[in-house]
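K.L.:
Got a structure for you, work-v3.pdb, holding PDB, C-alpha atoms and all ligand atoms.
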```pdb
ATOM      1  CA  MET M 210      89.654 211.415 114.274  1.00  0.00           C
ATOM      2  CA  LYS M 211      85.898 211.566 114.080  1.00  0.00           C
ATOM      3  CA  HIS M 212      84.401 209.614 116.937  1.00  0.00           C
ATOM      4  CA  ARG M 213      81.033 208.006 116.482  1.00  0.00           C
ATOM      5  CA  ILE M 214      78.890 205.647 118.451  1.00  0.00           C
ATOM      6  CA  THR M 215      79.077 202.301 116.664  1.00  0.00           C
ATOM      7  CA  VAL M 216      77.549 199.481 118.601  1.00  0.00           C
ATOM      8  CA  HIS M 217      76.435 196.536 116.490  1.00  0.00           C
ATOM      9  CA  HIS M 218      75.178 193.098 117.221  1.00  0.00           C
ATOM     10  CA  THR M 219      73.520 190.444 115.142  1.00  0.00           C
ATOM     11  CA  GLY M 220      71.016 187.667 115.732  1.00  0.00           C
ATOM     12  CA  ASN M 221      70.348 185.738 118.932  1.00  0.00           C
ATOM     13  CA  GLU M 222      72.759 184.255 121.493  1.00  0.00           C
ATOM     14  CA  GLN M 223      73.222 181.070 119.447  1.00  0.00           C
ATOM     15  CA  ASP M 224      74.154 182.957 116.323  1.00  0.00           C
ATOM     16  CA  MET M 225      76.374 185.737 117.585  1.00  0.00           C
ATOM     17  CA  LYS M 226      78.997 187.465 115.551  1.00  0.00           C
ATOM     18  CA  TYR M 227      81.428 189.805 117.224  1.00  0.00           C
ATOM     19  CA  GLU M 228      83.201 192.663 115.472  1.00  0.00           C
ATOM     20  CA  VAL M 229      86.825 192.063 116.382  1.00  0.00           C
ATOM     21  CA  VAL M 230      89.226 194.862 115.506  1.00  0.00           C
ATOM     22  CA  GLU M 231      92.297 193.231 117.089  1.00  0.00           C
ATOM     23  CA  ILE M 232      93.484 190.035 118.712  1.00  0.00           C
ATOM     24  CA  PHE M 233      97.101 190.139 119.790  1.00  0.00           C
ATOM     25  CA  GLN M 234      99.459 189.121 122.542  1.00  0.00           C
ATOM     26  CA  SER M 235     101.325 191.619 124.694  1.00  0.00           C
ATOM     27  CA  ILE M 236     101.925 192.435 128.315  1.00  0.00           C
ATOM     28  CA  ASN M 237      99.082 193.927 130.273  1.00  0.00           C
ATOM     29  CA  GLY M 238     100.022 197.596 130.300  1.00  0.00           C
ATOM     30  CA  GLU M 239      97.714 198.398 133.205  1.00  0.00           C
ATOM     31  CA  GLY M 240      95.348 196.831 135.694  1.00  0.00           C
ATOM     32  CA  MET M 241      96.137 194.429 138.515  1.00  0.00           C
ATOM     33  CA  LYS M 242      97.847 192.045 136.079  1.00  0.00           C
ATOM     34  CA  ALA M 243     100.120 194.749 134.687  1.00  0.00           C
ATOM     35  CA  GLY M 244     103.326 193.260 133.374  1.00  0.00           C
ATOM     36  CA  GLU M 245     101.869 189.788 132.788  1.00  0.00           C
ATOM     37  CA  LEU M 246     101.362 188.388 129.323  1.00  0.00           C
ATOM     38  CA  ALA M 247      97.811 188.537 128.055  1.00  0.00           C
ATOM     39  CA  VAL M 248      95.870 188.072 124.857  1.00  0.00           C
ATOM     40  CA  PHE M 249      93.910 191.188 123.989  1.00  0.00           C
ATOM     41  CA  LEU M 250      90.560 190.953 122.314  1.00  0.00           C
ATOM     42  CA  ARG M 251      89.414 194.371 121.142  1.00  0.00           C
ATOM     43  CA  LEU M 252      85.832 194.783 119.978  1.00  0.00           C
ATOM     44  CA  LYS M 253      84.604 197.649 117.862  1.00  0.00           C
ATOM     45  CA  GLY M 254      82.464 200.509 119.087  1.00  0.00           C
ATOM     46  CA  CYS M 255      81.901 202.662 122.129  1.00  0.00           C
ATOM     47  CA  ASN M 256      78.970 204.597 123.531  1.00  0.00           C
ATOM     48  CA  LEU M 257      81.156 207.323 125.052  1.00  0.00           C
ATOM     49  CA  ALA M 258      83.490 209.917 123.575  1.00  0.00           C
ATOM     50  CA  CYS M 259      86.097 210.678 126.227  1.00  0.00           C
ATOM     51  CA  ARG M 260      88.205 213.728 125.577  1.00  0.00           C
ATOM     52  CA  TYR M 261      91.442 211.737 125.952  1.00  0.00           C
ATOM     53  CA  CYS M 262      90.366 208.536 124.162  1.00  0.00           C
ATOM     54  CA  ASP M 263      93.363 206.669 122.761  1.00  0.00           C
ATOM     55  CA  THR M 264      91.369 204.022 120.871  1.00  0.00           C
ATOM     56  CA  ALA M 265      88.982 206.251 118.923  1.00  0.00           C
ATOM     57  CA  TRP M 266      90.253 204.541 115.768  1.00  0.00           C
ATOM     58  CA  ALA M 267      88.535 201.331 116.927  1.00  0.00           C
ATOM     59  CA  ASN M 268      85.208 203.050 117.487  1.00  0.00           C
ATOM     60  CA  VAL M 269      84.584 204.882 114.238  1.00  0.00           C
ATOM     61  CA  GLU M 270      82.023 203.522 111.794  1.00  0.00           C
ATOM     62  CA  ASP M 271      84.603 202.563 109.174  1.00  0.00           C
ATOM     63  CA  ALA M 272      87.065 200.851 111.541  1.00  0.00           C
ATOM     64  CA  GLU M 273      88.246 197.560 110.058  1.00  0.00           C
ATOM     65  CA  PHE M 274      87.089 194.435 111.851  1.00  0.00           C
ATOM     66  CA  ARG M 275      86.754 190.688 111.471  1.00  0.00           C
ATOM     67  CA  GLU M 276      83.399 189.137 112.153  1.00  0.00           C
ATOM     68  CA  MET M 277      83.972 186.122 114.386  1.00  0.00           C
ATOM     69  CA  ASP M 278      81.736 183.879 116.488  1.00  0.00           C
ATOM     70  CA  GLU M 279      82.648 182.805 120.004  1.00  0.00           C
ATOM     71  CA  GLU M 280      84.106 179.444 118.905  1.00  0.00           C
ATOM     72  CA  GLU M 281      86.441 181.146 116.447  1.00  0.00           C
ATOM     73  CA  ILE M 282      87.508 183.659 119.084  1.00  0.00           C
ATOM     74  CA  VAL M 283      88.249 180.961 121.686  1.00  0.00           C
ATOM     75  CA  HIS M 284      90.163 178.971 119.064  1.00  0.00           C
ATOM     76  CA  GLU M 285      92.283 181.958 118.091  1.00  0.00           C
ATOM     77  CA  VAL M 286      92.954 183.008 121.698  1.00  0.00           C
ATOM     78  CA  LYS M 287      94.097 179.454 122.534  1.00  0.00           C
ATOM     79  CA  ARG M 288      96.829 179.624 119.905  1.00  0.00           C
ATOM     80  CA  TYR M 289      98.845 181.989 122.098  1.00  0.00           C
ATOM     81  CA  LYS M 290      98.969 179.558 125.047  1.00  0.00           C
ATOM     82  CA  VAL M 291      98.582 182.447 127.534  1.00  0.00           C
ATOM     83  CA  LYS M 292      96.228 182.215 130.523  1.00  0.00           C
ATOM     84  CA  ASN M 293      95.109 185.868 130.709  1.00  0.00           C
ATOM     85  CA  VAL M 294      92.629 187.358 128.279  1.00  0.00           C
ATOM     86  CA  THR M 295      91.779 191.055 128.344  1.00  0.00           C
ATOM     87  CA  VAL M 296      88.508 191.896 126.648  1.00  0.00           C
ATOM     88  CA  THR M 297      88.495 195.544 125.690  1.00  0.00           C
ATOM     89  CA  GLY M 298      87.261 198.109 123.199  1.00  0.00           C
ATOM     90  CA  GLY M 299      85.677 200.539 122.817  1.00  0.00           C
ATOM     91  CA  GLU M 300      83.122 199.264 125.248  1.00  0.00           C
ATOM     92  CA  PRO M 301      82.877 195.470 124.974  1.00  0.00           C
ATOM     93  CA  LEU M 302      79.924 194.933 127.299  1.00  0.00           C
ATOM     94  CA  LEU M 303      77.489 196.714 125.040  1.00  0.00           C
ATOM     95  CA  ARG M 304      77.571 193.774 122.642  1.00  0.00           C
ATOM     96  CA  LYS M 305      74.676 191.419 122.651  1.00  0.00           C
ATOM     97  CA  GLY M 306      75.988 187.926 123.285  1.00  0.00           C
ATOM     98  CA  MET M 307      78.778 188.992 125.642  1.00  0.00           C
ATOM     99  CA  ARG M 308      77.509 186.646 128.348  1.00  0.00           C
ATOM    100  CA  LEU M 309      77.958 183.781 125.936  1.00  0.00           C
ATOM    101  CA  LEU M 310      81.442 184.843 124.831  1.00  0.00           C
ATOM    102  CA  LEU M 311      82.633 185.442 128.393  1.00  0.00           C
ATOM    103  CA  THR M 312      81.210 182.110 129.513  1.00  0.00           C
ATOM    104  CA  LYS M 313      83.007 180.290 126.678  1.00  0.00           C
ATOM    105  CA  LEU M 314      86.307 182.003 127.432  1.00  0.00           C
ATOM    106  CA  THR M 315      86.182 181.213 131.151  1.00  0.00           C
ATOM    107  CA  GLU M 316      85.018 177.639 130.491  1.00  0.00           C
ATOM    108  CA  ALA M 317      88.069 177.245 128.258  1.00  0.00           C
ATOM    109  CA  GLY M 318      90.196 177.969 131.361  1.00  0.00           C
ATOM    110  CA  PHE M 319      91.196 181.570 130.775  1.00  0.00           C
ATOM    111  CA  PHE M 320      91.353 184.315 133.397  1.00  0.00           C
ATOM    112  CA  VAL M 321      89.299 186.975 131.718  1.00  0.00           C
ATOM    113  CA  GLU M 322      89.562 190.651 132.541  1.00  0.00           C
ATOM    114  CA  ILE M 323      86.964 192.986 131.103  1.00  0.00           C
ATOM    115  CA  GLU M 324      87.868 196.601 130.616  1.00  0.00           C
ATOM    116  CA  THR M 325      84.607 198.499 130.856  1.00  0.00           C
ATOM    117  CA  ASN M 326      83.882 202.206 130.863  1.00  0.00           C
ATOM    118  CA  GLY M 327      81.546 202.473 133.863  1.00  0.00           C
ATOM    119  CA  SER M 328      78.420 203.352 131.906  1.00  0.00           C
ATOM    120  CA  VAL M 329      77.168 199.805 131.271  1.00  0.00           C
ATOM    121  CA  ALA M 330      75.292 197.839 133.936  1.00  0.00           C
ATOM    122  CA  LEU M 331      77.524 195.063 135.309  1.00  0.00           C
ATOM    123  CA  GLN M 332      74.843 193.078 137.112  1.00  0.00           C
ATOM    124  CA  GLU M 333      74.227 190.710 134.196  1.00  0.00           C
ATOM    125  CA  PHE M 334      77.904 189.714 134.034  1.00  0.00           C
ATOM    126  CA  ALA M 335      78.848 189.694 137.706  1.00  0.00           C
ATOM    127  CA  GLY M 336      78.196 186.025 138.423  1.00  0.00           C
ATOM    128  CA  ILE M 337      79.487 184.400 135.242  1.00  0.00           C
ATOM    129  CA  SER M 338      82.681 182.907 136.680  1.00  0.00           C
ATOM    130  CA  PRO M 339      85.185 183.388 139.516  1.00  0.00           C
ATOM    131  CA  ASN M 340      87.747 183.665 136.709  1.00  0.00           C
ATOM    132  CA  LEU M 341      86.126 186.794 135.357  1.00  0.00           C
ATOM    133  CA  SER M 342      87.109 190.190 136.714  1.00  0.00           C
ATOM    134  CA  PHE M 343      86.142 193.743 135.909  1.00  0.00           C
ATOM    135  CA  THR M 344      88.451 196.672 135.514  1.00  0.00           C
ATOM    136  CA  MET M 345      85.845 199.392 135.551  1.00  0.00           C
ATOM    137  CA  ASP M 346      86.663 202.996 134.766  1.00  0.00           C
ATOM    138  CA  TYR M 347      84.950 205.715 136.645  1.00  0.00           C
ATOM    139  CA  LYS M 348      85.042 208.614 134.186  1.00  0.00           C
ATOM    140  CA  LEU M 349      85.855 211.883 135.915  1.00  0.00           C
ATOM    141  CA  GLY M 350      85.205 215.488 134.905  1.00  0.00           C
ATOM    142  CA  GLY M 351      88.321 215.605 132.708  1.00  0.00           C
ATOM    143  CA  SER M 352      86.799 212.996 130.386  1.00  0.00           C
ATOM    144  CA  GLY M 353      83.602 214.965 129.797  1.00  0.00           C
ATOM    145  CA  MET M 354      81.633 211.757 130.411  1.00  0.00           C
ATOM    146  CA  GLU M 355      81.006 211.653 134.159  1.00  0.00           C
ATOM    147  CA  ASP M 356      77.260 212.093 133.775  1.00  0.00           C
ATOM    148  CA  LYS M 357      77.152 208.739 131.923  1.00  0.00           C
ATOM    149  CA  MET M 358      78.480 206.741 134.887  1.00  0.00           C
ATOM    150  CA  ASP M 359      76.200 204.093 136.384  1.00  0.00           C
ATOM    151  CA  ILE M 360      76.956 204.293 140.093  1.00  0.00           C
ATOM    152  CA  ARG M 361      74.928 201.137 140.814  1.00  0.00           C
ATOM    153  CA  ASN M 362      77.899 199.236 139.376  1.00  0.00           C
ATOM    154  CA  PHE M 363      79.967 199.844 142.504  1.00  0.00           C
ATOM    155  CA  SER M 364      77.820 197.378 144.414  1.00  0.00           C
ATOM    156  CA  PHE M 365      78.788 194.514 142.068  1.00  0.00           C
ATOM    157  CA  LEU M 366      82.542 194.918 142.497  1.00  0.00           C
ATOM    158  CA  THR M 367      84.477 192.533 144.736  1.00  0.00           C
ATOM    159  CA  LYS M 368      88.084 191.883 145.696  1.00  0.00           C
ATOM    160  CA  LYS M 369      89.016 190.483 142.296  1.00  0.00           C
ATOM    161  CA  ASP M 370      87.732 193.630 140.575  1.00  0.00           C
ATOM    162  CA  THR M 371      89.240 197.055 140.077  1.00  0.00           C
ATOM    163  CA  VAL M 372      88.025 200.606 139.753  1.00  0.00           C
ATOM    164  CA  LYS M 373      90.292 202.726 137.630  1.00  0.00           C
ATOM    165  CA  PHE M 374      90.196 206.508 137.937  1.00  0.00           C
ATOM    166  CA  VAL M 375      91.853 208.156 134.965  1.00  0.00           C
ATOM    167  CA  VAL M 376      92.900 211.581 136.204  1.00  0.00           C
ATOM    168  CA  SER M 377      93.630 214.654 134.101  1.00  0.00           C
ATOM    169  CA  ASP M 378      94.199 217.188 136.875  1.00  0.00           C
ATOM    170  CA  ASN M 379      93.925 217.861 140.586  1.00  0.00           C
ATOM    171  CA  ARG M 380      90.169 218.336 140.377  1.00  0.00           C
ATOM    172  CA  ASP M 381      89.877 214.802 139.041  1.00  0.00           C
ATOM    173  CA  MET M 382      91.988 213.587 141.963  1.00  0.00           C
ATOM    174  CA  GLU M 383      89.640 215.283 144.458  1.00  0.00           C
ATOM    175  CA  ARG M 384      86.626 213.801 142.749  1.00  0.00           C
ATOM    176  CA  ALA M 385      88.146 210.304 142.555  1.00  0.00           C
ATOM    177  CA  TYR M 386      88.842 210.416 146.264  1.00  0.00           C
ATOM    178  CA  ASP M 387      85.347 211.627 147.045  1.00  0.00           C
ATOM    179  CA  VAL M 388      83.676 208.982 144.829  1.00  0.00           C
ATOM    180  CA  SER M 389      85.763 206.148 146.269  1.00  0.00           C
ATOM    181  CA  LYS M 390      84.927 207.163 149.842  1.00  0.00           C
ATOM    182  CA  ARG M 391      81.267 207.588 149.069  1.00  0.00           C
ATOM    183  CA  PHE M 392      80.546 204.458 147.036  1.00  0.00           C
ATOM    184  CA  LEU M 393      83.139 201.857 148.012  1.00  0.00           C
ATOM    185  CA  SER M 394      83.883 200.240 151.330  1.00  0.00           C
ATOM    186  CA  ASP M 395      87.502 199.820 152.436  1.00  0.00           C
ATOM    187  CA  GLY M 396      89.076 196.812 150.749  1.00  0.00           C
ATOM    188  CA  GLN M 397      86.009 196.069 148.632  1.00  0.00           C
ATOM    189  CA  CYS M 398      88.024 196.071 145.406  1.00  0.00           C
ATOM    190  CA  ASN M 399      91.284 197.383 143.995  1.00  0.00           C
ATOM    191  CA  LEU M 400      91.658 201.104 143.287  1.00  0.00           C
ATOM    192  CA  LEU M 401      93.914 202.400 140.555  1.00  0.00           C
ATOM    193  CA  ILE M 402      94.854 205.980 139.798  1.00  0.00           C
ATOM    194  CA  SER M 403      95.999 206.297 136.218  1.00  0.00           C
ATOM    195  CA  PRO M 404      97.192 209.654 134.871  1.00  0.00           C
ATOM    196  CA  VAL M 405      96.114 210.799 131.421  1.00  0.00           C
ATOM    197  CA  PHE M 406      99.326 210.367 129.482  1.00  0.00           C
ATOM    198  CA  GLY M 407     101.282 213.636 129.350  1.00  0.00           C
ATOM    199  CA  GLU M 408      98.768 215.740 131.314  1.00  0.00           C
ATOM    200  CA  ILE M 409      98.771 215.817 135.143  1.00  0.00           C
ATOM    201  CA  LYS M 410     102.199 215.952 136.835  1.00  0.00           C
ATOM    202  CA  LEU M 411     102.947 212.569 138.361  1.00  0.00           C
ATOM    203  CA  GLU M 412     104.334 214.163 141.531  1.00  0.00           C
ATOM    204  CA  GLU M 413     100.961 215.812 142.118  1.00  0.00           C
ATOM    205  CA  ILE M 414      99.310 212.405 142.304  1.00  0.00           C
ATOM    206  CA  VAL M 415     101.814 211.163 144.858  1.00  0.00           C
ATOM    207  CA  GLU M 416     101.448 214.356 146.915  1.00  0.00           C
ATOM    208  CA  PHE M 417      97.677 214.030 146.876  1.00  0.00           C
ATOM    209  CA  MET M 418      97.843 210.416 148.025  1.00  0.00           C
ATOM    210  CA  LYS M 419     100.196 211.369 150.849  1.00  0.00           C
ATOM    211  CA  GLU M 420      98.121 214.352 151.958  1.00  0.00           C
ATOM    212  CA  HIS M 421      94.938 212.296 152.048  1.00  0.00           C
ATOM    213  CA  HIS M 422      96.616 209.209 153.467  1.00  0.00           C
ATOM    214  CA  TRP M 423      94.950 207.347 150.603  1.00  0.00           C
ATOM    215  CA  THR M 424      96.363 203.931 151.384  1.00  0.00           C
ATOM    216  CA  GLN M 425      93.790 201.972 149.381  1.00  0.00           C
ATOM    217  CA  ALA M 426      94.740 203.597 146.092  1.00  0.00           C
ATOM    218  CA  ARG M 427      97.543 202.491 143.810  1.00  0.00           C
ATOM    219  CA  MET M 428      99.051 204.839 141.251  1.00  0.00           C
ATOM    220  CA  GLN M 429      99.753 203.170 137.950  1.00  0.00           C
ATOM    221  CA  LEU M 430     101.362 204.338 134.722  1.00  0.00           C
ATOM    222  CA  GLN M 431     100.324 202.810 131.410  1.00  0.00           C
ATOM    223  CA  MET M 432     103.373 200.662 130.715  1.00  0.00           C
ATOM    224  CA  HIS M 433     102.636 200.154 127.033  1.00  0.00           C
ATOM    225  CA  LYS M 434     102.892 203.922 126.483  1.00  0.00           C
ATOM    226  CA  ILE M 435     106.315 203.972 128.096  1.00  0.00           C
ATOM    227  CA  ILE M 436     107.652 200.905 126.286  1.00  0.00           C
ATOM    228  CA  TRP M 437     106.302 201.765 122.839  1.00  0.00           C
ATOM    229  CA  ASP M 438     105.256 204.886 120.958  1.00  0.00           C
ATOM    230  CA  PRO M 439     102.105 206.097 122.800  1.00  0.00           C
ATOM    231  CA  GLU M 440     100.181 206.052 119.505  1.00  0.00           C
ATOM    232  CA  LYS M 441     101.225 202.517 118.526  1.00  0.00           C
ATOM    233  CA  GLN M 442      98.408 200.008 118.062  1.00  0.00           C
ATOM    234  CA  GLY M 443      98.506 196.276 118.708  1.00  0.00           C
ATOM    235  CA  VAL M 444     100.844 196.451 121.734  1.00  0.00           C
TER     236      VAL M 444
HETATM  237  S1  LIG I   1      85.186 204.721 127.095  1.00  0.00           S
HETATM  238 FE1  LIG I   1      87.244 204.162 126.441  1.00  0.00          FE
HETATM  239  S2  LIG I   1      87.027 203.656 124.261  1.00  0.00           S
HETATM  240 FE2  LIG I   1      85.171 204.754 124.861  1.00  0.00          FE
HETATM  241  S3  LIG I   1      85.604 206.879 124.346  1.00  0.00           S
HETATM  242 FE3  LIG I   1      86.167 206.600 126.504  1.00  0.00          FE
HETATM  243  S4  LIG I   1      88.359 206.108 126.460  1.00  0.00           S
HETATM  244 FE4  LIG I   1      87.560 205.799 124.368  1.00  0.00          FE
END
```
Can you dump the structure from the file as structure tokens?
Ligand code: SF4

P.N.:
Amino acid sequence: MKHRITVHHTGNEQDMKYEVVEIFQSINGEGMKAGELAVFLRLKGCNLACRYCDTAWANVEDAEFREMDEEEIVHEVKRYKVKNVTVTGGEPLLRKGMRLLLTKLTEAGFFVEIETNGSVALQEFAGISPNLSFTMDYKLGGSGMEDKMDIRNFSFLTKKDTVKFVVSDNRDMERAYDVSKRFLSDGQCNLLISPVFGEIKLEEIVEFMKEHHWTQARMQLQMHKIIWDPEKQGV
């Protein structure tokens, strides 16, 4: 599928409209709340084009979306009566007005997890609420996007946050290890190693972790790709 950069926003903070491609309930397939129910809010558009992207359909110019303001989003999310909300994309933090939306969601009592791709500055969002956490990717060589990473973001991550390294091969494992040692202090935040589905052998990840005595890292498989067809949307 053709992958384009589509990042739109309208008006000022009081008059924001968000391009919502999906709102649905499922289990968190990954992250530190994996296995727990969550409402997923997927916004359209991404500034990167990772080689292994599994949501390119949500990023193309002609992806279908609903234009909703923050009150409508909070109202719809509340209908599910679930405490976790995962805000994802694409890259959700590129949207103007995200501070407002995230503030409204946390004020409504939700635990909000933002899935962000590592290229967008987190500083502006870091202090919004103790109920807001980041799951930040660090894109490795296998993605083709490592040069877009903003390494200043590491300094804004705390214990409630997570860095996720999506690894395609052993070189990515080496690099993930090196980056984590260089930019993160022990115990600063959670560390996930997530294999690109169907690429690197899972045993290789375990062997690497053993060899390097990498006790801070946690290997994680994307549950939703095991439970459902890996291409299925809305799960
Ligand atoms: S950052 Fe995420 S949504 Fe954007 S291209 Fe990469 S994998 Fe796809």

K.L.:
Give as an NGL selection string each residue that has an atom at most 12 Å from (83.1, 195.4, 116.1) in the file, counting all atoms listed in the file.

P.N.:
:M and (214-219 or 225-232 or 250-255 or 266-278 or 297-305)

K.L.:
Set out as a Markdown table a contact list for chain M and ligand LIG 1 (chain I) with a cut-off of 7 Å, giving each residue of chain M that qualifies its closest atom pair and distance in Å to one decimal, counting only C-alpha atoms and all ligand atoms, ordered by chain and rising residue number.

P.N.:
```
| residue | atom | partner | partner_atom | distance |
| --- | --- | --- | --- | --- |
| M:Cys255 | CA | I:LIG1 | FE2 | 4.7 |
| M:Asn256 | CA | I:LIG1 | FE2 | 6.3 |
| M:Leu257 | CA | I:LIG1 | S3 | 4.5 |
| M:Ala258 | CA | I:LIG1 | S3 | 3.8 |
| M:Cys259 | CA | I:LIG1 | FE3 | 4.1 |
| M:Tyr261 | CA | I:LIG1 | S4 | 6.4 |
| M:Cys262 | CA | I:LIG1 | S4 | 3.9 |
| M:Asp263 | CA | I:LIG1 | FE4 | 6.1 |
| M:Thr264 | CA | I:LIG1 | FE4 | 5.5 |
| M:Ala265 | CA | I:LIG1 | FE4 | 5.6 |
| M:Gly298 | CA | I:LIG1 | S2 | 5.7 |
| M:Gly299 | CA | I:LIG1 | S2 | 3.7 |
| M:Glu300 | CA | I:LIG1 | FE2 | 5.9 |
| M:Asn326 | CA | I:LIG1 | S1 | 4.7 |
```

K.L.:
Just checking: using only C-alpha atoms, which residue out of M:Phe392, M:Phe363, M:Tyr289, M:Phe249 ends up closest to Glu322 of chain M?

P.N.:
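Between M:Phe392, M:Phe363, M:Tyr289, M:Phe249, the residue approaching Glu322 of chain M most closely is M:Phe249.
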
K.L.:
Near Val294 of chain M, within 7 Å and counting only C-alpha atoms, which residues show up once chain neighbours fewer than 5 positions away are dropped, as a PyMOL selection string?

P.N.:
chain M and resi 247-249+319-322

K.L.:
For the residues in that selection, give me C-alpha atoms as a PDB file, keeping the file's coordinate frame.

P.N.:
```
ATOM      1  CA  ALA M 247      97.811 188.537 128.055  1.00  0.00           C
ATOM      2  CA  VAL M 248      95.870 188.072 124.857  1.00  0.00           C
ATOM      3  CA  PHE M 249      93.910 191.188 123.989  1.00  0.00           C
ATOM      4  CA  PHE M 319      91.196 181.570 130.775  1.00  0.00           C
ATOM      5  CA  PHE M 320      91.353 184.315 133.397  1.00  0.00           C
ATOM      6  CA  VAL M 321      89.299 186.975 131.718  1.00  0.00           C
ATOM      7  CA  GLU M 322      89.562 190.651 132.541  1.00  0.00           C
TER       8      GLU M 322
END
```

K.L.:
Which residues, named as in the file, does the PyMOL selection byres (((chain M and resi 280) around 12) and not hetatm) pick out? Answer as a PyMOL selection string.

P.N.:
chain M and resi 223-227+276-279+281-287+309-314+316-317

K.L.:
List the residues selected by the PyMOL selection byres (((chain M and resi 433-444) around 7) and not hetatm) in the file shown, writing them as a list in words.

P.N.:
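Checked against the file, the PyMOL selection byres (((chain M and resi 433-444) around 7) and not hetatm) matches Phe233, Ser235, Gly238, Gln431 and Met432 of chain M.
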
K.L.:
The PyMOL selection byres (((chain M and resi 414) around 10) and not hetatm) on the file shown: which residues, as a PDB file with C-alpha atoms, in the coordinates of the input?

P.N.:
```pdb
ATOM      1  CA  VAL M 376      92.900 211.581 136.204  1.00  0.00           C
ATOM      2  CA  ASP M 378      94.199 217.188 136.875  1.00  0.00           C
ATOM      3  CA  ASN M 379      93.925 217.861 140.586  1.00  0.00           C
ATOM      4  CA  MET M 382      91.988 213.587 141.963  1.00  0.00           C
ATOM      5  CA  ILE M 402      94.854 205.980 139.798  1.00  0.00           C
ATOM      6  CA  SER M 403      95.999 206.297 136.218  1.00  0.00           C
ATOM      7  CA  PRO M 404      97.192 209.654 134.871  1.00  0.00           C
ATOM      8  CA  ILE M 409      98.771 215.817 135.143  1.00  0.00           C
ATOM      9  CA  LYS M 410     102.199 215.952 136.835  1.00  0.00           C
ATOM     10  CA  LEU M 411     102.947 212.569 138.361  1.00  0.00           C
ATOM     11  CA  GLU M 412     104.334 214.163 141.531  1.00  0.00           C
ATOM     12  CA  GLU M 413     100.961 215.812 142.118  1.00  0.00           C
ATOM     13  CA  VAL M 415     101.814 211.163 144.858  1.00  0.00           C
ATOM     14  CA  GLU M 416     101.448 214.356 146.915  1.00  0.00           C
ATOM     15  CA  PHE M 417      97.677 214.030 146.876  1.00  0.00           C
ATOM     16  CA  MET M 418      97.843 210.416 148.025  1.00  0.00           C
ATOM     17  CA  LYS M 419     100.196 211.369 150.849  1.00  0.00           C
ATOM     18  CA  GLU M 420      98.121 214.352 151.958  1.00  0.00           C
ATOM     19  CA  MET M 428      99.051 204.839 141.251  1.00  0.00           C
TER      20      MET M 428
END
```

K.L.:
At what distance in Å, to one decimal, does atom CA of Asp356 of chain M lie from atom CA of Lys242 of chain M?

P.N.:
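Between atom CA of Lys242 of chain M and atom CA of Asp356 of chain M the gap works out to 28.8 Å.
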
K.L.:
Using all atoms listed in the file for the distances, tell me which of M:Ser328, M:Asp381, M:Ile337, M:Phe365 is nearest to Ser352 of chain M.

P.N.:
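With all atoms listed in the file as the atom set, the closest residue is M:Asp381.
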